[in-house]
Amino acid sequence: MPVGARDSVIAGIGWSDYPVAPELDAMEHHALALRRALADSGLRKSDIDGYMCAGTGFGHNIDDAANMAEYLRINHRWIDGTMVGGSTFEFYVQHAAAAIEAGMCEVVLVTYGSDMLSRMGRTLGTSTFSSASARVGGPSQFECSWGNVLAGGYAMAARRHMHEFGTTPEQLAEIAVGVREFAGLNPHAQYRDPITVDDVLSSRMIADPLHKLDCCVISDGGGAFIMTTRERARDLAKPPVFVLGAAGAQTHWTISQMPDFTTTAAAQCGPEAFSRAGIRPEDVDTIQCYDSFTITVLLLLEDMGFCKKGEGGQFVETGVLRRGGRYPMNTDGGGLSACHPGMRGVFLINESVRQLRGEGGAAQVPGAQLAVACGSGGSLSCIGTVVLGKEGPA
Amino acid sequence: MTVEGLADSVSLRALPQPDHASRHYWQSAAEGRLVVQRCTSCDAFQFYPRSLCASCAGETEWVEASGRGKLHTYTVIRQNRSKAFGPLSPYAVGIVELEEGVRMMSNIVDCDVDALQVDMALEVLILRAADDVGLPFWRPAAG
């Protein structure tokens, strides 16, 4: 076997219909994304021998790995149902790469689907998760009585960052403005009209200091990708994209347990992923960064090492993340503007692959060779960083 | 959130389901005392209560907290449609750092939300919510 024959690659990507698809339930999003990723790869369904899927637990959906493997009839010999929130799919790349390189399986399918917008509406980020008269167990028992909302946890991180480093609402707003610019190039994006920093600052305050336009959209949607070996990918439909380095880490799950409100586990897994890939942040051509809220992006960029801790505000305000900037970010319009069905991590991987294949259309980053996808799951809790390359390991 | 308005809201809030590790914490609060765990091996304080020291896996004991702390960070919730919290909006949710070093989520009350400051001094105000549960709110420290 030639050296590197079992290097792991992404051979196919697909999306279901987004951002609004009332006719599809969550399982159908998984199925549609699978069909499209298979067609993209040129593989047959019977080639799949590994499967990864995380049940969202949203609404009435039963879409955990075992149920979905049955529904999709995947006769796997390797399965992983890790569920760490929105970054699950970055962790999946790490796990699948290890399994593929160890010879445990040849073709790993990852699927995701959510009908959150059509079935649950837009209340996820601003509703109190439990109602009166209910008793709440587990770690949430220490948060359930205070009327916090999902956005509130991120707002508290933003507040502390502003206090320690002087970060401004304008600097956070710049992140939303840049992402919206890319959304304008994506015909599927949920919101496409250009916005300004003033638009963000004058949008309704949701949880101080986060405004409505600092918060991601809520969508329907799904995605799938297929991983295999460099060797297996040689005669497939599309050029493979190589997994050069992947790492994940966790600091807490519930927001009140966050050890440092201005630092995420990306400070741990970011450098590890770059080290495994043998590159530095400044080598990266495009960033696909989890943007549940503008502050999420700021923290992840600092922690991965794109700038020093505390300097994220000055870093982003120069426009580095915009189209034509040094690190064009969220080139599909991100969760802030294009699509966020609850767990966005799969979109970060798919968009990285699209860019590295040169299929980005109007949003294409010229000559993109290296992409980093960084997902955040829970409440800034579980971070996964993946470095992908157009060329294989040297 | 004024202190007077709190009692009504407490009856509308979701309440914790005490478990083996947390029962003493909630019961003590119902009796007006704030307690936290300390490790008998490494002396680390911890919150929330667990059946082991999360630092060294040792055994823990209960100690009474001073009831003083500071506001590590906070947010002001402007939008919440629930029956308990809708009428209270805007209200402050904060992370309080106790003198013992541990942090907990709570509401910062008896203070205009525009007067909140990161690191401001706070003191605990415990309200009984049920026979087995007291809720530790925090307000600006007197003096």
# chains A, B, ... in the order shown; residues from 1 in each chain; ligands from 1
>>> interface_residues(of="chain B", to="chain A", cutoff="10 Å", atoms="only C-alpha atoms", output="ChimeraX atom specification")
/B:9-19,22,26,47-50,72-86,88-96,102-108,117-119,135,137
>>> residues_around(residues="range 330-336 of chain A", least_positions_apart="3", cutoff="9 Å", atoms="only C-alpha atoms", output="ChimeraX atom specification")
/A:176,178-186,189-192,213-218,286-294,321-323,339-341,344,347-348,351-352,355,360,363-365
>>> residues_around(residues="Arg139 in chain B", least_positions_apart="2", cutoff="12 Å", atoms="only C-alpha atoms", output="VMD selection string")
chain B and resid 1 to 3 67 to 71 92 to 94 96 106 to 113 115 to 117 120 to 126 136 to 137 141 to 143
>>> write_last_selection(atoms="N, CA and C atoms", output="short mmCIF file (atom, residue, chain, number, x, y, z; two decimals), in the first residue's frame")
data_model
loop_
_atom_site.label_atom_id
_atom_site.label_comp_id
_atom_site.auth_asym_id
_atom_site.auth_seq_id
_atom_site.Cartn_x
_atom_site.Cartn_y
_atom_site.Cartn_z
N MET B 1 -35.84 44.36 38.96
CA MET B 1 -36.63 43.49 39.83
C MET B 1 -36.55 44.00 41.27
N THR B 2 -37.66 44.41 41.83
CA THR B 2 -37.65 44.85 43.23
C THR B 2 -37.84 43.63 44.14
N VAL B 3 -37.41 43.78 45.37
CA VAL B 3 -37.54 42.68 46.32
C VAL B 3 -39.02 42.35 46.53
N GLY B 67 -21.90 34.65 52.03
CA GLY B 67 -23.04 35.39 51.48
C GLY B 67 -22.63 36.68 50.79
N ARG B 68 -21.33 36.87 50.65
CA ARG B 68 -20.84 38.04 49.91
C ARG B 68 -20.15 37.57 48.63
N GLY B 69 -20.24 38.43 47.61
CA GLY B 69 -19.60 38.08 46.34
C GLY B 69 -19.53 39.30 45.45
N LYS B 70 -19.17 39.04 44.19
CA LYS B 70 -19.16 40.15 43.22
C LYS B 70 -19.70 39.65 41.89
N LEU B 71 -20.12 40.61 41.10
CA LEU B 71 -20.79 40.29 39.84
C LEU B 71 -19.74 40.02 38.76
N ALA B 92 -32.13 41.27 35.22
CA ALA B 92 -30.71 40.92 35.12
C ALA B 92 -30.47 39.47 35.52
N VAL B 93 -29.76 38.77 34.67
CA VAL B 93 -29.23 37.45 35.00
C VAL B 93 -27.72 37.60 35.08
N GLY B 94 -27.15 37.16 36.17
CA GLY B 94 -25.72 37.34 36.34
C GLY B 94 -25.02 36.08 36.78
N VAL B 96 -22.46 35.23 39.62
CA VAL B 96 -21.92 35.79 40.85
C VAL B 96 -20.72 34.98 41.29
N SER B 106 -27.60 33.64 38.96
CA SER B 106 -28.72 34.13 39.76
C SER B 106 -29.29 35.38 39.09
N ASN B 107 -30.32 35.94 39.72
CA ASN B 107 -30.83 37.25 39.31
C ASN B 107 -30.24 38.30 40.24
N ILE B 108 -29.85 39.43 39.67
CA ILE B 108 -29.38 40.56 40.46
C ILE B 108 -30.59 41.46 40.66
N VAL B 109 -31.01 41.62 41.89
CA VAL B 109 -32.27 42.30 42.19
C VAL B 109 -32.03 43.52 43.05
N ASP B 110 -33.11 44.28 43.23
CA ASP B 110 -33.06 45.46 44.10
C ASP B 110 -32.06 46.47 43.55
N CYS B 111 -32.01 46.56 42.22
CA CYS B 111 -31.01 47.42 41.57
C CYS B 111 -31.50 47.71 40.17
N ASP B 112 -31.46 48.98 39.76
CA ASP B 112 -31.81 49.31 38.39
C ASP B 112 -30.86 48.59 37.43
N VAL B 113 -31.40 48.01 36.38
CA VAL B 113 -30.52 47.24 35.48
C VAL B 113 -29.45 48.12 34.84
N ALA B 115 -27.78 50.31 36.36
CA ALA B 115 -26.76 50.63 37.37
C ALA B 115 -25.82 49.46 37.63
N LEU B 116 -26.05 48.35 36.94
CA LEU B 116 -25.19 47.18 37.15
C LEU B 116 -23.79 47.44 36.62
N GLN B 117 -22.81 46.92 37.32
CA GLN B 117 -21.42 47.04 36.90
C GLN B 117 -20.73 45.70 37.11
N MET B 120 -19.10 44.54 40.63
CA MET B 120 -19.71 45.24 41.77
C MET B 120 -19.95 44.26 42.92
N ALA B 121 -19.89 44.78 44.14
CA ALA B 121 -20.05 43.95 45.34
C ALA B 121 -21.51 43.59 45.54
N LEU B 122 -21.77 42.33 45.90
CA LEU B 122 -23.14 41.83 46.06
C LEU B 122 -23.28 41.10 47.38
N GLU B 123 -24.53 41.00 47.83
CA GLU B 123 -24.81 40.15 48.99
C GLU B 123 -26.03 39.30 48.67
N VAL B 124 -26.10 38.14 49.31
CA VAL B 124 -27.14 37.19 48.98
C VAL B 124 -28.46 37.56 49.66
N LEU B 125 -29.55 37.20 49.03
CA LEU B 125 -30.89 37.41 49.57
C LEU B 125 -31.66 36.13 49.24
N ILE B 126 -31.89 35.31 50.23
CA ILE B 126 -32.49 34.00 49.97
C ILE B 126 -34.00 34.05 50.17
N PRO B 136 -31.30 31.52 46.12
CA PRO B 136 -30.40 32.61 46.47
C PRO B 136 -30.33 33.68 45.39
N PHE B 137 -31.01 34.80 45.64
CA PHE B 137 -30.88 35.98 44.78
C PHE B 137 -29.71 36.81 45.31
N ALA B 141 -24.34 45.07 47.58
CA ALA B 141 -23.98 44.98 49.00
C ALA B 141 -24.31 46.31 49.68
N ALA B 142 -24.82 46.20 50.91
CA ALA B 142 -25.15 47.40 51.67
C ALA B 142 -23.88 48.16 52.01
N GLY B 143 -23.96 49.47 52.03
CA GLY B 143 -22.80 50.30 52.41
C GLY B 143 -21.76 50.24 51.36
#
>>> select_by_dssp(residues="range 155-330 of chain A", states="strand (DSSP E or B)", output="count of residues only")
31
>>> atom_distance(atom1="CA of Asp17 in chain A", atom2="CA of His95 in chain A")
26.9 Å
